[in-house]
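Novice: Next comes coords_16.csv, CSV, C-alpha atoms:
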chain,number,residue,atom,x,y,z
A,108,MET,CA,133.0,78.7,125.9
A,109,LYS,CA,132.2,75.8,123.6
A,110,ILE,CA,135.8,75.0,123.2
A,111,ARG,CA,136.2,74.9,126.9
A,112,GLN,CA,133.4,72.4,127.4
A,113,LEU,CA,134.9,70.3,124.7
A,114,LEU,CA,138.2,70.4,126.5
A,115,LEU,CA,136.5,69.4,129.7
A,116,ALA,CA,134.7,66.6,128.1
A,117,LEU,CA,138.0,65.5,126.6
A,118,THR,CA,139.7,65.5,130.0
A,119,GLY,CA,136.9,63.4,131.3
A,120,THR,CA,137.3,60.8,128.6
A,121,ILE,CA,141.0,60.6,129.0
A,122,ALA,CA,140.6,60.2,132.8
A,123,VAL,CA,138.1,57.5,132.3
A,124,ALA,CA,140.4,55.8,129.9
A,125,GLY,CA,142.8,55.6,132.9
A,126,LEU,CA,145.4,57.8,131.3
A,127,GLY,CA,144.6,60.7,133.5
A,128,LEU,CA,148.0,60.7,135.2
A,129,GLY,CA,149.9,61.6,132.1
A,130,PHE,CA,147.6,64.3,130.8
A,131,VAL,CA,147.1,67.6,132.4
A,132,VAL,CA,144.8,69.5,130.1
A,133,SER,CA,144.2,73.0,131.3
A,134,GLN,CA,140.8,73.2,132.9
A,135,THR,CA,140.9,76.9,133.4
A,136,THR,CA,141.5,78.3,129.9
A,137,SER,CA,139.5,81.5,130.3
A,138,ALA,CA,140.1,82.0,134.0
A,139,LYS,CA,143.8,81.6,133.4
A,140,ALA,CA,143.9,84.6,131.2
A,141,GLU,CA,143.0,86.7,134.2
A,142,GLY,CA,145.7,85.0,136.3
A,143,ILE,CA,143.2,83.0,138.3
A,144,ARG,CA,144.4,79.5,139.1
A,145,SER,CA,142.6,76.6,140.6
A,146,GLY,CA,144.3,74.8,143.5
A,147,TYR,CA,144.4,71.9,141.0
A,148,THR,CA,147.2,73.5,139.1
A,149,TYR,CA,149.3,73.7,142.3
A,150,ALA,CA,148.8,70.1,143.2
A,151,THR,CA,151.3,67.4,142.3
A,152,LYS,CA,150.6,65.1,139.3
A,153,GLU,CA,149.8,62.2,141.6
A,154,THR,CA,147.1,64.2,143.5
A,155,GLN,CA,145.7,65.5,140.2
A,156,GLY,CA,145.5,61.9,138.9
A,157,LEU,CA,143.7,60.9,142.0
A,158,GLN,CA,141.1,63.6,141.4
A,159,ASP,CA,140.7,63.0,137.7
A,160,ASP,CA,139.6,59.4,137.9
A,161,GLU,CA,136.2,59.0,139.5
A,162,MET,CA,137.2,55.5,140.6
A,163,SER,CA,140.2,56.6,142.5
A,164,ASN,CA,138.9,59.9,143.9
A,165,PRO,CA,137.8,59.1,147.4
A,166,GLY,CA,135.5,62.2,147.4
A,167,TYR,CA,133.1,60.2,145.3
A,168,LEU,CA,132.4,58.0,148.3
A,169,TRP,CA,130.7,61.0,149.8
A,170,VAL,CA,128.9,61.7,146.5
A,171,ASP,CA,127.5,58.2,146.7
A,172,THR,CA,126.3,58.7,150.2
A,173,GLY,CA,124.7,62.0,149.2
A,174,GLU,CA,122.9,60.3,146.4
A,175,ASP,CA,121.4,57.7,148.8
A,176,LEU,CA,120.3,60.5,151.2
A,177,TRP,CA,118.7,62.4,148.3
A,178,SER,CA,115.9,59.9,148.0
A,179,LYS,CA,115.6,59.1,151.7
A,180,ALA,CA,112.4,60.4,153.3
A,181,GLU,CA,112.9,62.1,156.7
A,182,GLY,CA,111.1,64.3,159.1
A,183,ASP,CA,107.4,64.9,159.9
A,184,ALA,CA,106.4,65.9,156.4
A,185,GLY,CA,107.6,62.4,155.2
A,186,LYS,CA,109.4,63.9,152.2
A,187,SER,CA,112.8,63.4,150.7
A,188,CYS,CA,114.8,65.8,148.6
A,189,ASN,CA,113.7,63.8,145.6
A,190,ASP,CA,110.0,64.3,146.2
A,191,CYS,CA,110.2,68.1,145.5
A,192,HIS,CA,113.4,68.5,143.4
A,193,GLY,CA,113.2,65.3,141.3
A,194,ASP,CA,116.4,64.2,139.7
A,195,ALA,CA,119.4,66.1,141.1
A,196,ALA,CA,121.2,65.9,137.8
A,197,ASP,CA,118.6,68.4,136.5
A,198,SER,CA,117.4,70.4,139.4
A,199,MET,CA,120.7,71.0,141.1
A,200,LYS,CA,122.7,71.6,138.0
A,201,LYS,CA,123.4,75.2,138.6
A,202,ALA,CA,123.3,75.2,142.4
A,203,GLY,CA,127.0,74.7,142.7
A,204,VAL,CA,128.1,77.8,140.8
A,205,SER,CA,125.8,80.4,142.3
A,206,TYR,CA,126.0,80.0,146.0
A,207,PRO,CA,126.4,81.8,148.5
A,208,LYS,CA,123.3,83.6,147.4
A,209,TYR,CA,121.3,86.5,149.0
A,210,LYS,CA,118.1,85.4,150.6
A,211,ASP,CA,115.3,87.8,151.2
A,212,ASP,CA,113.6,85.8,154.0
A,213,ILE,CA,116.7,85.9,156.2
A,214,GLY,CA,118.1,89.2,154.9
A,215,LYS,CA,121.6,87.9,154.4
A,216,MET,CA,123.8,85.5,152.4
A,217,GLN,CA,123.2,81.8,152.5
A,218,ASN,CA,125.5,79.0,151.4
A,219,ILE,CA,124.7,75.5,150.2
A,220,GLU,CA,124.9,73.9,153.6
A,221,GLN,CA,122.5,76.4,155.1
A,222,ARG,CA,120.2,76.1,152.1
A,223,ILE,CA,120.1,72.3,152.6
A,224,ASN,CA,119.3,72.7,156.3
A,225,GLN,CA,116.7,75.3,155.7
A,226,CYS,CA,115.0,72.9,153.3
A,227,ARG,CA,115.1,70.2,156.0
A,228,THR,CA,113.7,72.3,158.8
A,229,ASP,CA,111.1,74.3,156.7
A,230,ASN,CA,109.9,71.8,154.1
A,231,MET,CA,110.8,68.4,155.4
A,232,LYS,CA,110.1,69.3,159.1
A,233,ALA,CA,113.2,67.4,159.9
A,234,LYS,CA,116.1,68.2,162.2
A,235,ALA,CA,118.9,70.3,160.7
A,236,TRP,CA,122.1,68.4,160.1
A,237,LYS,CA,125.2,69.4,162.1
A,238,TRP,CA,127.9,71.2,160.3
A,239,GLU,CA,130.7,68.8,159.2
A,240,SER,CA,128.5,65.9,159.9
A,241,ASN,CA,128.7,63.0,157.5
A,242,GLN,CA,125.2,63.7,156.2
A,243,LEU,CA,125.6,67.4,155.6
A,244,LEU,CA,129.0,66.9,153.9
A,245,SER,CA,127.7,64.1,151.7
A,246,MET,CA,124.7,66.1,150.6
A,247,THR,CA,126.7,69.2,149.9
A,248,THR,CA,129.2,67.3,148.0
A,249,TYR,CA,126.5,65.5,146.0
A,250,VAL,CA,124.7,68.7,145.2
A,251,ARG,CA,127.8,70.6,144.2
A,252,ASN,CA,129.1,67.7,142.2
A,253,GLN,CA,126.1,68.2,139.8
A,254,SER,CA,127.8,71.5,138.7
A,255,THR,CA,131.2,70.0,138.1
A,256,GLY,CA,132.9,71.6,135.1
A,257,MET,CA,130.7,74.7,135.1
A,258,PRO,CA,132.3,78.1,135.8
A,259,VAL,CA,131.7,79.7,139.2
A,260,SER,CA,129.6,82.8,138.9
A,261,VAL,CA,128.2,84.3,142.1
A,262,ALA,CA,126.2,87.5,142.1
A,263,VAL,CA,127.9,90.2,144.0
A,264,ASP,CA,125.8,93.2,143.0
A,265,GLY,CA,122.4,94.4,144.3
A,266,PRO,CA,121.5,93.2,147.7
A,267,ALA,CA,124.6,91.0,147.9
A,268,LYS,CA,126.9,94.1,147.6
A,269,PRO,CA,127.3,95.0,151.3
A,270,PHE,CA,128.0,91.4,152.2
A,271,PHE,CA,130.5,91.2,149.4
A,272,GLU,CA,132.3,94.2,150.8
A,273,LYS,CA,132.3,92.7,154.3
A,274,GLY,CA,133.9,89.5,152.9
A,275,LYS,CA,136.5,91.5,151.0
A,276,ALA,CA,137.3,93.5,154.2
A,277,PHE,CA,137.7,90.2,156.1
A,278,PHE,CA,140.0,88.9,153.4
A,279,ASN,CA,142.2,92.0,153.7
A,280,GLN,CA,142.0,92.4,157.5
A,281,ARG,CA,145.1,91.4,159.5
A,282,ARG,CA,144.3,89.1,162.4
A,283,GLY,CA,145.8,86.8,165.0
A,284,LEU,CA,149.1,86.8,166.8
A,285,LEU,CA,150.9,86.6,163.5
A,286,ASP,CA,149.0,89.7,162.3
A,287,MET,CA,148.4,88.3,158.9
A,288,ALA,CA,145.5,88.7,156.5
A,289,CYS,CA,144.3,86.1,154.0
A,290,LYS,CA,145.7,88.2,151.2
A,291,HIS,CA,149.3,88.0,152.5
A,292,CYS,CA,149.5,84.4,151.6
A,293,HIS,CA,146.9,83.8,148.9
A,294,GLU,CA,147.3,87.0,147.0
A,295,ASP,CA,150.8,88.4,147.6
A,296,ASN,CA,152.6,85.1,147.8
A,297,ALA,CA,150.6,82.6,145.9
A,298,GLY,CA,153.0,80.1,144.2
A,299,ASN,CA,155.7,80.8,146.7
A,300,LEU,CA,156.8,78.3,149.4
A,301,ILE,CA,155.7,78.5,153.0
A,302,ARG,CA,158.2,76.3,154.6
A,303,ALA,CA,157.8,73.1,152.5
A,304,ASN,CA,154.3,73.8,151.1
A,305,VAL,CA,153.4,75.8,148.0
A,306,LEU,CA,150.8,78.5,148.7
A,307,SER,CA,147.8,78.4,146.5
A,308,GLN,CA,145.5,81.2,145.6
A,309,GLY,CA,143.1,79.9,148.1
A,310,GLN,CA,140.3,79.2,145.6
A,311,ILE,CA,137.3,77.3,146.8
A,312,ASN,CA,136.0,75.9,143.5
A,313,GLY,CA,136.7,72.4,144.5
A,314,PHE,CA,135.0,72.4,147.9
A,315,PRO,CA,133.8,70.4,149.7
A,316,VAL,CA,137.2,69.0,149.1
A,317,TYR,CA,138.8,65.6,149.9
A,318,ARG,CA,141.9,66.6,151.8
A,319,LEU,CA,144.5,63.9,152.2
A,320,LYS,CA,145.5,65.5,155.5
A,321,TRP,CA,142.0,65.2,156.9
A,322,GLY,CA,141.5,61.7,155.3
A,323,LYS,CA,138.0,62.9,154.5
A,324,VAL,CA,135.8,65.5,152.9
A,325,GLY,CA,135.6,68.9,154.5
A,326,SER,CA,133.8,72.2,153.9
A,327,SER,CA,135.4,75.5,153.0
A,328,HIS,CA,134.5,76.8,156.5
A,329,ARG,CA,136.6,74.1,158.0
A,330,ARG,CA,139.4,75.3,155.8
A,331,PHE,CA,138.8,78.9,156.9
A,332,ARG,CA,139.0,77.8,160.5
A,333,GLY,CA,142.3,76.0,159.8
A,334,CYS,CA,143.8,79.0,158.1
A,335,ASN,CA,142.7,81.3,161.0
A,336,LYS,CA,144.2,79.0,163.5
A,337,GLN,CA,147.4,79.0,161.7
A,338,VAL,CA,147.8,82.7,162.0
A,339,ARG,CA,147.0,82.2,165.7
A,340,ALA,CA,143.6,83.9,165.4
A,341,LYS,CA,140.4,82.8,167.1
A,342,PRO,CA,138.4,81.1,164.4
A,343,PHE,CA,134.8,81.9,163.8
A,344,LYS,CA,132.1,79.3,164.0
A,345,ASN,CA,131.2,77.1,161.0
A,346,GLY,CA,128.3,78.8,159.2
A,347,SER,CA,128.9,82.2,160.9
A,348,ASP,CA,128.0,85.3,158.9
A,349,GLU,CA,131.7,86.2,158.7
A,350,TYR,CA,132.6,83.0,157.0
A,351,VAL,CA,129.6,83.1,154.6
A,352,ASN,CA,130.5,86.6,153.5
A,353,LEU,CA,134.1,85.5,153.1
A,354,GLU,CA,133.0,82.5,151.1
A,355,LEU,CA,131.1,84.9,148.8
A,356,TYR,CA,134.2,87.0,148.3
A,357,VAL,CA,136.5,84.0,147.8
A,358,ALA,CA,134.1,82.4,145.3
A,359,TRP,CA,134.0,85.7,143.4
A,360,ARG,CA,137.9,85.8,143.4
A,361,GLY,CA,137.7,82.4,141.6
A,362,ARG,CA,135.0,83.5,139.1
A,363,GLY,CA,135.2,81.5,135.9
A,364,LEU,CA,137.0,78.6,137.5
A,365,PRO,CA,135.2,75.3,136.9
A,366,VAL,CA,133.6,73.6,139.9
A,367,GLU,CA,135.8,70.6,140.7
A,368,THR,CA,133.8,69.1,143.6
A,369,PRO,CA,135.0,66.8,145.0
A,370,ALA,CA,138.5,67.9,144.4
A,371,VAL,CA,141.5,66.3,146.0
A,372,ARG,CA,144.1,68.4,147.8
A,373,ASN,CA,147.0,67.6,150.0
B,119,MET,CA,124.5,53.0,152.5
B,120,ALA,CA,126.9,52.7,149.8
B,121,SER,CA,130.3,52.9,151.3
B,122,ALA,CA,132.2,51.1,148.6
B,123,ARG,CA,132.7,51.5,144.9
B,124,LEU,CA,133.6,48.8,142.4
B,125,LYS,CA,134.3,49.2,138.7
B,126,VAL,CA,134.7,46.3,136.3
B,127,PRO,CA,134.4,46.7,132.5
B,128,LYS,CA,130.9,45.8,131.4
B,129,LYS,CA,132.1,43.7,128.4
B,130,ALA,CA,135.3,41.9,127.7
B,131,LYS,CA,136.6,39.4,125.2
B,132,LYS,CA,137.5,36.0,126.4
B,133,GLY,CA,141.1,35.9,127.5
B,134,ASP,CA,141.4,39.6,127.9
B,135,ILE,CA,143.1,41.0,131.0
B,136,ILE,CA,140.8,43.4,132.7
B,137,THR,CA,141.4,46.0,135.4
B,138,VAL,CA,139.2,45.9,138.5
B,139,LYS,CA,139.1,49.2,140.5
B,140,SER,CA,137.7,49.6,144.0
B,141,LEU,CA,137.3,52.2,146.7
B,142,ILE,CA,136.0,51.9,150.2
B,143,LYS,CA,135.2,54.4,152.9
B,144,HIS,CA,137.0,53.4,156.0
B,145,LYS,CA,138.9,55.4,158.6
B,146,MET,CA,141.8,52.9,158.9
B,147,GLU,CA,142.8,53.8,162.4
B,148,THR,CA,146.3,52.6,162.9
B,149,GLY,CA,146.2,52.0,166.6
B,150,GLN,CA,149.4,54.1,167.1
B,151,ARG,CA,147.7,57.4,167.7
B,152,LYS,CA,146.6,58.9,171.0
B,153,GLY,CA,143.4,60.7,171.5
B,154,LYS,CA,142.8,64.0,173.3
B,155,ASP,CA,142.7,62.2,176.6
B,156,GLY,CA,146.2,60.7,176.1
B,157,LYS,CA,144.9,57.2,175.7
B,158,PRO,CA,145.7,55.2,172.5
B,159,ILE,CA,143.0,55.0,169.9
B,160,PRO,CA,142.3,51.3,169.3
B,161,ARG,CA,143.3,49.9,166.0
B,162,MET,CA,140.5,49.7,163.5
B,163,ILE,CA,141.6,48.7,160.0
B,164,ILE,CA,140.4,46.6,157.1
B,165,LYS,CA,142.5,43.5,157.7
B,166,ASN,CA,141.5,41.5,154.7
B,167,VAL,CA,140.2,42.1,151.2
B,168,THR,CA,139.2,39.2,149.0
B,169,ALA,CA,137.9,39.2,145.4
B,170,THR,CA,136.0,36.3,143.9
B,171,TYR,CA,135.1,35.7,140.3
B,172,ASN,CA,132.0,33.6,140.0
B,173,GLY,CA,132.7,32.2,143.5
B,174,ALA,CA,136.4,31.4,142.9
B,175,GLU,CA,139.0,33.4,144.8
B,176,VAL,CA,141.1,35.4,142.4
B,177,PHE,CA,142.7,38.0,144.6
B,178,SER,CA,143.3,38.4,148.3
B,179,ALA,CA,145.3,40.7,150.5
B,180,ASP,CA,146.0,41.1,154.2
B,181,TRP,CA,146.3,44.8,154.9
B,182,ALA,CA,148.5,46.4,157.6
B,183,PRO,CA,148.1,49.7,159.5
B,184,ALA,CA,150.2,51.6,156.9
B,185,VAL,CA,147.4,51.5,154.4
B,186,SER,CA,145.7,54.9,153.9
B,187,ALA,CA,142.2,55.9,155.0
B,188,ASN,CA,139.6,55.3,152.3
B,189,PRO,CA,141.9,52.9,150.5
B,190,PHE,CA,141.9,52.4,146.7
B,191,LEU,CA,142.6,49.0,145.3
B,192,SER,CA,143.1,48.0,141.7
B,193,PHE,CA,144.2,44.7,140.3
B,194,LYS,CA,144.2,42.8,137.0
B,195,VAL,CA,142.4,39.6,136.2
B,196,ARG,CA,141.9,37.5,133.1
B,197,ALA,CA,138.3,37.5,131.8
B,198,THR,CA,137.3,33.8,131.4
B,199,GLU,CA,133.5,33.7,131.6
B,200,SER,CA,130.5,35.9,132.1
B,201,GLY,CA,129.5,36.4,135.7
B,202,THR,CA,130.0,38.4,138.9
B,203,ILE,CA,133.1,39.8,140.4
B,204,GLU,CA,132.7,40.4,144.1
B,205,LEU,CA,134.9,42.1,146.6
B,206,LYS,CA,134.7,41.6,150.4
B,207,TRP,CA,136.4,43.8,152.9
B,208,THR,CA,136.7,42.6,156.5
B,209,ASP,CA,137.7,44.9,159.3
B,210,ASP,CA,139.0,44.4,162.8
B,211,ASN,CA,135.4,44.3,164.2
B,212,GLY,CA,134.6,41.5,161.8
B,213,LYS,CA,132.3,43.8,159.9
B,214,VAL,CA,132.1,42.7,156.2
B,215,VAL,CA,131.3,45.0,153.4
B,216,SER,CA,130.8,43.5,150.0
B,217,GLN,CA,130.2,45.0,146.6
B,218,SER,CA,129.7,43.1,143.3
B,219,ALA,CA,129.7,43.9,139.6
B,220,LYS,CA,128.7,42.0,136.5
B,221,ILE,CA,130.8,41.3,133.5
B,222,THR,CA,129.8,39.9,130.1
B,223,VAL,CA,132.5,37.9,128.4
B,224,GLN,CA,132.1,37.2,124.7
For the structure just supplied, provide its representation as structure tokens.
Specialist:
Amino acid sequence: MKIRQLLLALTGTIAVAGLGLGFVVSQTTSAKAEGIRSGYTYATKETQGLQDDEMSNPGYLWVDTGEDLWSKAEGDAGKSCNDCHGDAADSMKKAGVSYPKYKDDIGKMQNIEQRINQCRTDNMKAKAWKWESNQLLSMTTYVRNQSTGMPVSVAVDGPAKPFFEKGKAFFNQRRGLLDMACKHCHEDNAGNLIRANVLSQGQINGFPVYRLKWGKVGSSHRRFRGCNKQVRAKPFKNGSDEYVNLELYVAWRGRGLPVETPAVRN
Amino acid sequence: MASARLKVPKKAKKGDIITVKSLIKHKMETGQRKGKDGKPIPRMIIKNVTATYNGAEVFSADWAPAVSANPFLSFKVRATESGTIELKWTDDNGKVVSQSAKITVQ
């Protein structure tokens, strides 16, 4: 564990020194042993270099916006995130690794986006942000960025167990006109080509991710919708129970991978 | 709202060549795409970016539609004196975003 943190710190220093392009130090030493690979390892060197340097990673523009929103008071309660949580670097440090989480008050799983919006409606008495809106994406990216480098570890036992099973079933369920399940690409054929693209394991440790194709940051649910559309299935809504359960299962699949938010992918 | 990033080394020796890095959030719409209604989406790009070092222009570029969204720009400049390096991005609407950073030259 210590060695890994050291390695990560080392990668950081190298990237800051501006030599990030030439060095690809393994970020996933322990996860690699189990055959779990981050999407980072499938990316080209150029894309990796873009991600490694905070100054060239466009995702950090959203982190900056999130930081501004963090201390902006909104809603009838006249409070900002900062008034209750204080410095995000301390209070949000572990948030990125443990969501989606089981919540007693709603009796189901909740992911970071939903947690932020619940905080807004319940505590700030403000309007919930729309899914994929600039504000919600920025805040989610900012919050998850505080956990960068820490290994993903979601709880899948206890009350989360039935939801985990649902997510797992979703992952293995054939759907759409092409009759394909998530696993057909991301488990059976990870690393193989699908036409001109390399299939990844479909890990979400870097989300919200800056996708070059989108030209902006997007949530894992947007990606799920894209995947579902590609197999000619009707996608579910952003923030639907189906996708939150799937998010839990996919996060568990990538257990031990370091959080990379905001990652850069093609 | 911060929509641009600028990084300049905090300290440098006189005569050193320093690297200035910048990043700005912009959609850089090329004007060559069509919307869902079939009509062209009007062009909206950053047409000029200018860097000044203590008020004197040291770098300037006219950008074309082929520049990516959220463009990254990096250039080198010789550190001559302590002061401010400022970047200004001007887009098709005439909107100007500027960001500045301080440098100490010894």
Novice: Show which residues sit within 7 Å of region 121-131 of chain B, as a ChimeraX atom specification. Count only C-alpha atoms, and ignore same-chain residues fewer than 5 positions away.
Specialist: /A:168 /B:137-143,197,217-224
Novice: Select all residues near (123.1, 68.1, 153.1) (cut-off 12 Å, inclusive, file coordinates), counting all atoms listed in the file, and output them as JSON, numbers by chain.
Specialist: {"A": [169, 170, 172, 173, 174, 175, 176, 177, 179, 187, 188, 218, 219, 220, 221, 222, 223, 224, 225, 226, 227, 228, 234, 235, 236, 237, 238, 239, 240, 241, 242, 243, 244, 245, 246, 247, 248, 249, 250, 251, 315, 326]}
Novice: Counting only C-alpha atoms, figure out which residue out of A:Val324, A:Ala276, A:Leu355, A:Ala370 gets nearest to Asn188 (chain B).
Specialist: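 Nearest to Asn188 (chain B): A:Val324.
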Novice: If you count only C-alpha atoms, which residues fall within 10 Å of Val195 (chain B), apart from same-chain ones fewer than 6 positions away, as a ChimeraX atom specification?
Specialist: /B:133-138,171,176-177
Novice: With C-alpha atoms retained, write the just-selected residues as a PDB file, keeping the file's coordinate frame.
Specialist:
ATOM      1  CA  GLY B 133     141.100  35.900 127.500  1.00  0.00           C
ATOM      2  CA  ASP B 134     141.400  39.600 127.900  1.00  0.00           C
ATOM      3  CA  ILE B 135     143.100  41.000 131.000  1.00  0.00           C
ATOM      4  CA  ILE B 136     140.800  43.400 132.700  1.00  0.00           C
ATOM      5  CA  THR B 137     141.400  46.000 135.400  1.00  0.00           C
ATOM      6  CA  VAL B 138     139.200  45.900 138.500  1.00  0.00           C
ATOM      7  CA  TYR B 171     135.100  35.700 140.300  1.00  0.00           C
ATOM      8  CA  VAL B 176     141.100  35.400 142.400  1.00  0.00           C
ATOM      9  CA  PHE B 177     142.700  38.000 144.600  1.00  0.00           C
TER      10      PHE B 177
END
Novice: Closest to Leu191 (chain B) among A:Val204, A:Met162, A:Leu319, A:Ala262, using all atoms listed in the file?
Specialist: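 Nearest candidate to Leu191 (chain B) out of A:Val204, A:Met162, A:Leu319, A:Ala262: A:Met162.
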Novice: Grab the CA of Glu199 (chain B) to CA of Asn166 (chain B) distance for me, in Å with one decimal place.
Specialist: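 That distance, rounded to one decimal, is 25.7 Å.
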Novice: Nearest residue to Lys132 (chain B) out of B:Arg151, B:Ser186, B:Ser200, B:Gly173, using only C-alpha atoms?
Specialist: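 Nearest candidate to Lys132 (chain B) out of B:Arg151, B:Ser186, B:Ser200, B:Gly173: B:Ser200.
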Novice: Go ahead and compute the interatomic distance for CA of Lys152 (chain B) and CA of Arg318 (chain A), in Å to one decimal.
Specialist: 21.2 Å
Novice: So how many Å separate CA of Thr148 (chain A) and CA of Ser307 (chain A), to one decimal?
Specialist: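 CA of Thr148 (chain A) sits 8.9 Å away from CA of Ser307 (chain A).
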Novice: Write out as a ChimeraX atom specification each polymer residue whose atoms come within 10 Å of region 352-354 of chain A, counting only C-alpha atoms; drop sequence neighbours fewer than 3 positions from it.
Specialist: /A:206-208,215-218,267,269-278,310-311,327-328,331,346-349,357-360
Novice: Neighbouring residues of Ala150 (chain A) were defined as those with any atom within 12 Å, considering all atoms listed in the file; residues of the same chain fewer than 6 positions away were excluded. Please report them as a ChimeraX atom specification.
Specialist: /A:131,144,156-158,298,304-308,318-319,370-373
Novice: Using all atoms listed in the file, can you tell me which of B:Asp210, B:Ile203, B:Ser178, B:Ser192 comes closest to chain A?
Specialist: B:Ser192
Novice: Env of Cys191 (chain A): 10 Å cut, atoms = all atoms listed in the file, seq-sep filter 4 positions within chain, self excluded. Answer as a ChimeraX atom specification.
Specialist: /A:186-187,198,230-231
Novice: Have a look at B:Arg196, B:Thr168, B:Phe190, B:Arg161 and name the one nearest to Thr208 (chain B); count all atoms listed in the file.
Specialist: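 Looking at the shortest contact to Thr208 (chain B), the residue is B:Thr168.
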Novice: Using all atoms listed in the file, can you list as number ranges by chain the residues within 7 Å of (139.0, 42.9, 159.7)?
Specialist: B: 163-166, 208-213
Novice: From the set A:Lys344, A:Pro258, A:Gln155, A:Gln337, which residue has the shortest atom-to-atom contact distance to Ala288 (chain A), counting all atoms listed in the file?
Specialist: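 Of A:Lys344, A:Pro258, A:Gln155, A:Gln337, the one nearest Ala288 (chain A), counting all atoms listed in the file, is A:Gln337.
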